[in-house]
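Student: If it helps, the file is called coords-v7.txt and holds compact mmCIF, C-alpha atoms:
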```txt
# COMPACT_ATOMS: atom_id res chain seq x y z
CA MET A 1 -28.45 -2.03 1.67
CA LEU A 2 -25.49 0.27 1.98
CA LYS A 3 -23.36 0.21 -1.15
CA ILE A 4 -19.66 0.37 -0.41
CA GLN A 5 -17.22 1.66 -2.99
CA ARG A 6 -13.86 -0.01 -2.93
CA ILE A 7 -11.08 2.32 -1.88
CA ASP A 8 -8.48 1.60 -4.50
CA GLN A 9 -4.86 2.59 -4.79
CA GLU A 10 -5.71 5.36 -7.28
CA LEU A 11 -7.92 7.13 -4.74
CA LEU A 12 -5.24 6.86 -2.08
CA GLU A 13 -2.59 8.21 -4.47
CA HIS A 14 -4.77 10.98 -5.93
CA PRO A 15 -7.57 12.04 -3.57
CA LYS A 16 -10.45 13.68 -5.41
CA TYR A 17 -10.94 17.40 -4.80
CA PRO A 18 -13.30 19.86 -6.45
CA ARG A 19 -11.87 22.18 -9.09
CA ARG A 20 -12.95 25.25 -7.14
CA GLY A 21 -10.68 26.41 -4.35
CA TRP A 22 -7.04 25.49 -3.78
CA ILE A 23 -4.94 22.77 -2.18
CA GLY A 24 -2.15 23.83 0.16
CA VAL A 25 1.01 21.73 0.18
CA ASP A 26 3.71 22.26 2.78
CA LEU A 27 7.25 22.37 1.40
CA ASP A 28 9.73 21.09 3.99
CA GLY A 29 8.93 17.54 5.05
CA THR A 30 5.92 17.16 2.73
CA LEU A 31 6.80 18.09 -0.87
CA ALA A 32 10.57 18.23 -0.24
CA MET A 33 12.67 16.10 2.08
CA SER A 34 13.46 17.85 5.34
CA ASP A 35 16.91 17.76 6.93
CA PRO A 36 17.18 19.62 10.25
CA ASP A 37 20.97 19.74 9.87
CA ALA A 38 20.87 21.45 6.43
CA GLU A 39 21.37 25.16 5.88
CA PRO A 40 18.16 27.15 6.59
CA HIS A 41 17.67 28.19 2.94
CA CYS A 42 18.37 24.72 1.53
CA ILE A 43 15.44 22.82 -0.02
CA GLY A 44 15.69 19.04 0.02
CA LEU A 45 15.05 16.53 -2.74
CA PRO A 46 11.42 15.93 -3.74
CA VAL A 47 9.27 13.43 -1.86
CA PRO A 48 8.37 11.23 -4.89
CA HIS A 49 4.78 10.32 -3.97
CA MET A 50 3.92 13.91 -3.09
CA LEU A 51 5.53 15.33 -6.22
CA LYS A 52 3.55 12.85 -8.34
CA ARG A 53 0.34 13.76 -6.50
CA VAL A 54 0.87 17.52 -6.96
CA LYS A 55 1.62 17.07 -10.68
CA HIS A 56 -1.58 15.03 -11.01
CA TRP A 57 -3.65 17.73 -9.32
CA ILE A 58 -2.18 20.41 -11.59
CA GLU A 59 -2.73 18.27 -14.71
CA THR A 60 -6.38 17.77 -13.73
CA GLY A 61 -7.05 21.48 -13.25
CA ARG A 62 -6.65 21.90 -9.50
CA THR A 63 -4.99 24.97 -8.04
CA VAL A 64 -2.05 24.08 -5.81
CA LYS A 65 -0.18 26.53 -3.60
CA ILE A 66 3.01 26.01 -1.64
CA PHE A 67 2.03 26.57 2.00
CA THR A 68 5.20 27.34 3.94
CA ALA A 69 6.72 29.43 6.71
CA ARG A 70 9.23 30.55 4.06
CA ALA A 71 6.54 32.73 2.42
CA GLY A 72 7.37 36.43 2.47
CA ASN A 73 11.14 35.96 2.25
CA VAL A 74 12.10 37.04 -1.29
CA GLN A 75 15.25 34.87 -1.36
CA ASP A 76 13.38 31.79 -0.16
CA GLU A 77 10.50 32.34 -2.57
CA GLU A 78 12.90 32.59 -5.52
CA SER A 79 14.60 29.36 -4.38
CA ILE A 80 11.20 27.65 -4.13
CA HIS A 81 10.24 28.73 -7.67
CA GLN A 82 13.59 27.44 -8.99
CA TRP A 83 13.11 24.16 -7.10
CA CYS A 84 9.62 23.76 -8.60
CA THR A 85 10.93 24.37 -12.12
CA ARG A 86 13.80 21.90 -11.63
CA HIS A 87 11.32 19.22 -10.61
CA GLY A 88 8.75 19.73 -13.35
CA LEU A 89 6.27 21.97 -11.56
CA PRO A 90 5.03 25.36 -12.76
CA LYS A 91 5.67 28.54 -10.78
CA LEU A 92 3.23 27.90 -7.92
CA GLU A 93 1.88 30.61 -5.65
CA ILE A 94 3.60 30.64 -2.26
CA THR A 95 1.67 31.53 0.87
CA ASN A 96 1.51 31.06 4.62
CA ARG A 97 -2.12 32.12 4.95
CA LYS A 98 -5.28 30.05 4.86
CA ASP A 99 -8.55 31.42 3.52
CA HIS A 100 -12.05 30.06 2.94
CA LYS A 101 -11.11 28.90 -0.57
CA MET A 102 -8.52 26.41 0.72
CA ILE A 103 -10.05 22.93 0.41
CA ALA A 104 -7.18 20.85 1.82
CA LEU A 105 -3.80 21.26 3.48
CA TRP A 106 -1.11 18.60 3.18
CA ASP A 107 1.48 19.11 5.92
CA ASP A 108 3.73 16.72 7.82
CA ARG A 109 3.12 18.58 11.09
CA ALA A 110 -0.64 19.09 10.88
CA VAL A 111 -3.15 17.03 12.84
CA GLY A 112 -6.47 16.56 11.07
CA VAL A 113 -9.51 17.43 13.18
CA VAL A 114 -13.14 16.44 12.68
CA ARG A 115 -14.96 19.69 11.88
CA ASN A 116 -16.73 21.35 14.82
CA THR A 117 -15.65 18.67 17.32
CA GLY A 118 -11.98 19.20 18.13
CA LEU A 119 -11.48 15.44 17.74
CA PRO A 120 -8.31 14.32 15.94
CA ILE A 121 -8.88 12.23 12.82
CA LEU A 122 -6.06 9.71 13.19
CA PRO A 123 -4.40 9.65 16.59
CA GLY A 124 -1.86 6.89 17.16
CA SER A 125 -4.42 4.85 19.12
CA MET A 126 -6.97 4.84 16.25
CA SER A 127 -6.80 1.90 13.88
CA LEU A 128 -7.00 2.42 10.12
CA TRP A 129 -10.45 0.82 10.25
CA GLN A 130 -11.65 3.43 12.77
CA SER A 131 -10.18 6.24 10.68
CA VAL A 132 -11.87 4.99 7.48
CA ARG A 133 -15.14 4.54 9.33
CA LEU A 134 -14.95 8.06 10.80
CA ARG A 135 -14.20 9.54 7.38
CA LEU A 136 -17.10 7.68 5.75
CA VAL A 137 -19.41 8.85 8.54
CA GLN A 138 -18.34 12.42 7.76
CA MET A 139 -18.94 11.93 4.04
CA ILE A 140 -22.33 10.15 4.11
CA GLY A 141 -23.87 11.47 7.27
CA GLY A 142 -23.45 8.60 9.61
CA SER A 143 -26.49 6.67 10.73
CA ALA A 144 -26.63 4.06 7.94
CA PHE A 145 -22.91 3.41 8.09
CA MET A 146 -22.74 3.30 11.89
CA LYS A 147 -25.12 0.32 11.80
CA ALA A 148 -23.02 -1.57 9.23
CA ASP A 149 -21.22 -4.63 10.51
CA ARG A 150 -17.44 -4.63 10.06
CA ARG A 151 -17.55 -8.18 8.74
CA GLN A 152 -19.66 -7.00 5.80
CA LEU A 153 -16.94 -4.49 4.90
CA LYS A 154 -13.85 -6.67 5.35
CA ASP A 155 -13.73 -7.69 1.68
CA HIS A 156 -14.01 -4.08 0.55
CA PHE A 157 -11.07 -2.84 2.66
CA PRO A 158 -8.29 -5.41 2.30
CA ALA A 159 -5.64 -5.17 4.99
CA VAL A 160 -2.43 -3.58 3.85
CA SER A 161 0.71 -5.41 4.86
CA GLU A 162 4.07 -3.82 5.40
CA THR A 163 6.95 -6.22 6.03
CA GLY A 164 4.45 -8.86 7.05
CA ARG A 165 2.83 -6.77 9.79
CA GLU A 166 -0.89 -5.99 9.59
CA LEU A 167 -1.68 -2.29 9.43
CA CYS A 168 -5.47 -2.83 9.42
CA GLU A 169 -7.47 -4.61 12.07
CA PHE A 170 -10.83 -6.17 11.30
CA GLY A 171 -12.33 -7.47 14.50
CA GLY A 172 -15.68 -9.20 14.78
```
Would you write out, as structure tokens, the structure that this file holds?

Tutor:
Amino acid sequence: MLKIQRIDQELLEHPKYPRRGWIGVDLDGTLAMSDPDAEPHCIGLPVPHMLKRVKHWIETGRTVKIFTARAGNVQDEESIHQWCTRHGLPKLEITNRKDHKMIALWDDRAVGVVRNTGLPILPGSMSLWQSVRLRLVQMIGGSAFMKADRRQLKDHFPAVSETGRELCEFGG
């Protein structure tokens, strides 16, 4: 029988990543609030959940880099380092280049793609159930999970409600 681990709030808040490699975090719109009407060199207030997540990764030994189009501009990089210090982060490396050591990229504009398929991970038409199922298939290899009945999993993935509206669908 397939054992299902409960996806708890802790895992959603602090996804688990290996200690090797680095995690890229976009600045504008991901780590810091983005305001299209602000001055170009202005950095917005922190996005609380993302700031907490980045601090957690750093505290647990992960390497985090600011991944931004602002990389390479000396004035912008100095402003980013000052912003990080003001908000309790160390002086993080700033880059706009991926390499094979990058294990994840958090970016408000990125679209996740299933490796070697070109398929988006969470298009607007995909329910949360389908996204979780696809991710589990990627993680465990597929065949056993593909045969699992949704009804067996319903108790392990409680629907999340936002203002009374269901965000998860569990059909029969």

Student: From the set A:Leu51, A:Val113, A:Ile66, A:Met33, which residue has the shortest atom-to-atom contact distance to A:Lys98, counting only C-alpha atoms?

Tutor: A:Ile66

Student: Give as an MDAnalysis selection string each residue that has an atom at most 12 Å from (8.4, 28.6, 2.1) in the file, counting only C-alpha atoms.

Tutor: chainID A and resid 24:32 40:43 65:81 83:84 92:97

Student: If you measure from atom CA of A:Trp57 to atom CA of A:Pro15, what distance in Å do you get, rounded to one decimal?

Tutor: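 Separation of atom CA of A:Trp57 and atom CA of A:Pro15: 9.0 Å.
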
Student: Interatomic distance between atom CA of A:Ile103 and atom CA of A:Gly21?

Tutor: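 Separating atom CA of A:Ile103 from atom CA of A:Gly21 is a distance of 5.9 Å.
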
Student: Would you compute the distance between atom CA of A:His100 and atom CA of A:Thr60? Give it in Å to one decimal.

Tutor: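 Straight-line distance from atom CA of A:His100 to atom CA of A:Thr60 works out to 21.5 Å.
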